[in-house]
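Input: a single structure, listed below in structure tokens.
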Amino acid sequence: MRRQQRALYGAVTALVLLLGLQVLLADRARLATDPGWRPMLTHMCDVLRCSLPPWREPAALTVLARDVRPDDTRSGQLFATATFRNDARWAQAWPRLRLTLSDIDGRAVGSRVFTANEYLDVPPDQPALAAGDSAQVRLQLVEPDARAVSFAFDFL
């Protein structure tokens with residue numbers, strides 16, 4: 001009888017552990033957004049050959065240089081450039097970039113969100129920007145309003 005009880009407890013323990021693993025696998029996309037869970041889930045998915053969504057931490061993207069100026073070759077056009085770096089601990093998905101042009105009073109006179117396919121010279125060959133890597137933004141724009149005197153780059 002004692003041997004049967006140990007086998008029963010072992011089976012119950014194994015089933016509980018399997019259930020926990022199944023819950024982790026089923027909810028891995030949500031849990032992977034938490035910096036505390038991500039390392040364990042990354043290791044688990046390396047072993048089990050599953051995938052995690054790319055890390056998203058727009059606040060960890062640092063603009064190193066930025067400029068918006070009139071295009072000398074085309075009237076009414078602007079040329080925007082920027083360089084940004086991923087300062088997150090992990091590679092993260094290519095961000096969406098919002099460029100906002102404002103007037104002298106700080107009111108937005110034009111704003112648009114761009115994808116990586118639009119702001120990079122060539123579409124990215126990797127689904128994520130590696131930690132510590134930089135990227136160059138190049139945009140040709142129609143000037144939305146002659147009153148635009150300032151600009152802001154924001155990552156989404």
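Chain labels A, B, ... are given in the sequence in which chains occur in the structure tokens; within each chain residues are numbered consecutively from 1, and ligands are likewise numbered from 1 in the order shown.
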
* **Picked from chain A by DSSP as strand (DSSP E), as a PyMOL selection string** => chain A and resi 61-70+77-86+92-93+97-102+108-114+128-129+134-142+150-155

For the residues selected in the previous step, produce a file with N, CA and C atoms as a compact mmCIF listing (two decimals), in the first residue's frame.
```
# COMPACT_ATOMS: atom_id res chain seq x y z
N LEU A 61 14.47 52.84 -26.75
CA LEU A 61 15.03 53.28 -28.02
C LEU A 61 15.51 54.71 -27.85
N THR A 62 16.79 54.94 -28.08
CA THR A 62 17.40 56.25 -27.87
C THR A 62 17.71 56.89 -29.22
N VAL A 63 17.23 58.12 -29.40
CA VAL A 63 17.55 58.87 -30.61
C VAL A 63 18.94 59.47 -30.43
N LEU A 64 19.85 59.13 -31.33
CA LEU A 64 21.23 59.61 -31.27
C LEU A 64 21.42 60.89 -32.07
N ALA A 65 20.69 61.02 -33.17
CA ALA A 65 20.76 62.21 -34.02
C ALA A 65 19.44 62.31 -34.77
N ARG A 66 19.03 63.55 -35.05
CA ARG A 66 17.78 63.73 -35.79
C ARG A 66 17.81 65.06 -36.49
N ASP A 67 17.13 65.13 -37.63
CA ASP A 67 17.12 66.36 -38.39
C ASP A 67 15.95 66.34 -39.36
N VAL A 68 15.29 67.47 -39.52
CA VAL A 68 14.27 67.67 -40.55
C VAL A 68 14.60 68.99 -41.21
N ARG A 69 14.79 68.95 -42.52
CA ARG A 69 15.12 70.19 -43.24
C ARG A 69 14.46 70.17 -44.61
N PRO A 70 14.31 71.36 -45.20
CA PRO A 70 13.74 71.41 -46.55
C PRO A 70 14.62 70.66 -47.53
N GLN A 77 8.93 70.06 -50.11
CA GLN A 77 9.30 68.75 -49.59
C GLN A 77 10.25 68.91 -48.41
N LEU A 78 10.19 67.96 -47.50
CA LEU A 78 11.10 67.92 -46.37
C LEU A 78 11.87 66.61 -46.40
N PHE A 79 13.06 66.64 -45.86
CA PHE A 79 13.88 65.45 -45.76
C PHE A 79 14.16 65.23 -44.27
N ALA A 80 13.72 64.11 -43.71
CA ALA A 80 13.91 63.81 -42.29
C ALA A 80 14.88 62.66 -42.15
N THR A 81 15.82 62.81 -41.22
CA THR A 81 16.76 61.73 -40.92
C THR A 81 16.88 61.61 -39.41
N ALA A 82 17.18 60.43 -38.97
CA ALA A 82 17.41 60.18 -37.55
C ALA A 82 18.21 58.90 -37.42
N THR A 83 18.92 58.78 -36.33
CA THR A 83 19.60 57.55 -35.97
C THR A 83 19.15 57.20 -34.57
N PHE A 84 18.76 55.94 -34.38
CA PHE A 84 18.35 55.50 -33.04
C PHE A 84 19.01 54.18 -32.71
N ARG A 85 19.10 53.92 -31.40
CA ARG A 85 19.76 52.70 -30.90
C ARG A 85 18.81 51.98 -29.95
N ASN A 86 18.87 50.65 -29.98
CA ASN A 86 18.10 49.82 -29.07
C ASN A 86 18.92 49.61 -27.79
N GLN A 92 14.45 43.79 -29.95
CA GLN A 92 13.03 44.12 -29.93
C GLN A 92 12.52 44.38 -31.33
N ALA A 93 11.23 44.20 -31.47
CA ALA A 93 10.58 44.38 -32.77
C ALA A 93 10.87 45.78 -33.29
N LEU A 97 7.33 54.52 -35.92
CA LEU A 97 7.90 55.83 -35.65
C LEU A 97 6.87 56.91 -35.98
N ARG A 98 6.57 57.75 -34.99
CA ARG A 98 5.65 58.87 -35.24
C ARG A 98 6.49 60.13 -35.35
N LEU A 99 6.32 60.83 -36.48
CA LEU A 99 6.97 62.12 -36.70
C LEU A 99 5.88 63.17 -36.62
N THR A 100 6.07 64.15 -35.72
CA THR A 100 5.10 65.23 -35.55
C THR A 100 5.79 66.54 -35.83
N LEU A 101 5.20 67.33 -36.71
CA LEU A 101 5.69 68.68 -37.01
C LEU A 101 4.77 69.66 -36.31
N SER A 102 5.36 70.67 -35.66
CA SER A 102 4.58 71.62 -34.87
C SER A 102 4.88 73.06 -35.29
N ALA A 108 0.48 70.84 -33.17
CA ALA A 108 0.83 69.93 -34.26
C ALA A 108 0.17 70.39 -35.55
N VAL A 109 0.97 70.53 -36.61
CA VAL A 109 0.44 70.88 -37.92
C VAL A 109 0.50 69.69 -38.87
N GLY A 110 1.16 68.63 -38.45
CA GLY A 110 1.22 67.41 -39.24
C GLY A 110 1.83 66.29 -38.41
N SER A 111 1.28 65.10 -38.56
CA SER A 111 1.79 63.95 -37.82
C SER A 111 1.49 62.70 -38.62
N ARG A 112 2.42 61.78 -38.59
CA ARG A 112 2.21 60.51 -39.28
C ARG A 112 3.04 59.43 -38.61
N VAL A 113 2.51 58.21 -38.63
CA VAL A 113 3.22 57.05 -38.09
C VAL A 113 3.78 56.24 -39.26
N PHE A 114 5.05 55.87 -39.15
CA PHE A 114 5.74 55.11 -40.19
C PHE A 114 6.15 53.75 -39.66
N ALA A 128 13.69 41.78 -35.80
CA ALA A 128 13.92 42.57 -34.59
C ALA A 128 15.26 43.29 -34.69
N LEU A 129 15.37 44.39 -33.97
CA LEU A 129 16.60 45.15 -33.86
C LEU A 129 17.35 44.64 -32.63
N SER A 134 22.02 49.97 -33.91
CA SER A 134 21.45 51.25 -34.33
C SER A 134 20.80 51.10 -35.69
N ALA A 135 19.94 52.05 -36.00
CA ALA A 135 19.28 52.07 -37.31
C ALA A 135 19.19 53.51 -37.79
N GLN A 136 19.18 53.68 -39.09
CA GLN A 136 19.12 55.00 -39.72
C GLN A 136 17.75 55.20 -40.35
N VAL A 137 17.09 56.30 -40.00
CA VAL A 137 15.79 56.68 -40.55
C VAL A 137 16.01 57.68 -41.68
N ARG A 138 15.32 57.47 -42.80
CA ARG A 138 15.38 58.40 -43.93
C ARG A 138 13.97 58.51 -44.50
N LEU A 139 13.43 59.73 -44.46
CA LEU A 139 12.06 59.95 -44.94
C LEU A 139 12.01 61.18 -45.85
N GLN A 140 11.31 61.04 -46.94
CA GLN A 140 11.00 62.15 -47.85
C GLN A 140 9.54 62.50 -47.59
N LEU A 141 9.26 63.76 -47.22
CA LEU A 141 7.93 64.16 -46.81
C LEU A 141 7.43 65.36 -47.60
N VAL A 142 6.11 65.46 -47.71
CA VAL A 142 5.49 66.66 -48.21
C VAL A 142 5.30 67.57 -47.01
N SER A 150 9.09 73.08 -35.72
CA SER A 150 9.75 72.10 -34.85
C SER A 150 9.22 70.72 -35.17
N PHE A 151 9.93 69.72 -34.65
CA PHE A 151 9.55 68.34 -34.94
C PHE A 151 9.88 67.47 -33.76
N ALA A 152 9.23 66.32 -33.71
CA ALA A 152 9.50 65.33 -32.66
C ALA A 152 9.37 63.93 -33.24
N PHE A 153 10.31 63.07 -32.86
CA PHE A 153 10.26 61.65 -33.21
C PHE A 153 9.83 60.88 -31.96
N ASP A 154 8.81 60.05 -32.08
CA ASP A 154 8.36 59.21 -30.97
C ASP A 154 8.26 57.77 -31.46
N PHE A 155 8.61 56.82 -30.60
CA PHE A 155 8.54 55.41 -30.96
C PHE A 155 7.30 54.79 -30.33
```

* What are the DSSP alpha helix (DSSP H) residues of range 10-122 of chain A, as a PyMOL selection string? -> chain A and resi 10-26+28-31+38-48+116-119

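Between CA of Asp87 in chain A and CA of Pro35 in chain A the separation is 14.2 Å.
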
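Residue nearest Leu21 in chain A, chosen from A:Asp105, A:Pro54, A:Gln4, A:Leu48 and counting only C-alpha atoms: A:Leu48.
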
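The neighbours of Ala88 in chain A here are the residues that come within 9 Å of it, using only C-alpha atoms and leaving out any residue fewer than 4 positions away in the same chain; they are A:Trp55, A:Arg56, A:Glu57, A:Pro58, A:Ala59, A:Ala60, A:Leu61, A:Gln92, A:Ala130, A:Ala131, A:Gly132.
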
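Across the model, the gap from CA of Arg96 in chain A to CA of Pro127 in chain A is 12.9 Å.
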
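Note that CA of Pro144 in chain A and CA of Tyr119 in chain A are 17.9 Å apart.
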
Give me, as a tab-separated table (two decimals) with C-alpha atoms, in the first residue's frame, all polymer residues having an atom no more than 10 Å from Arg28 in chain A, counting only C-alpha atoms and skipping those fewer than 3 positions away in the same chain.
```tsv
chain	number	residue	atom	x	y	z
A	22	GLN	CA	1.20	23.82	-20.29
A	23	VAL	CA	-0.09	27.03	-18.69
A	24	LEU	CA	3.31	28.69	-19.21
A	25	LEU	CA	3.38	27.61	-22.85
A	31	LEU	CA	4.29	36.51	-19.86
A	32	ALA	CA	7.15	37.32	-22.26
A	33	THR	CA	6.29	41.03	-21.96
A	37	TRP	CA	9.53	36.08	-16.82
A	38	ARG	CA	11.29	36.62	-20.16
A	41	LEU	CA	10.61	31.67	-21.00
A	42	THR	CA	13.46	32.23	-23.45
A	44	MET	CA	12.20	27.15	-21.91
A	45	CYS	CA	11.46	27.92	-25.57
A	50	CYS	CA	8.79	27.23	-29.29
A	51	SER	CA	8.84	30.93	-30.14
A	52	LEU	CA	8.29	34.14	-28.23
A	53	PRO	CA	7.09	37.44	-29.67
```

* Which residue out of A:Ser75, A:Ala29, A:Asp133, A:Ala148 has the minimum interatomic distance to Arg107 in chain A when only C-alpha atoms are used? -> A:Ala148
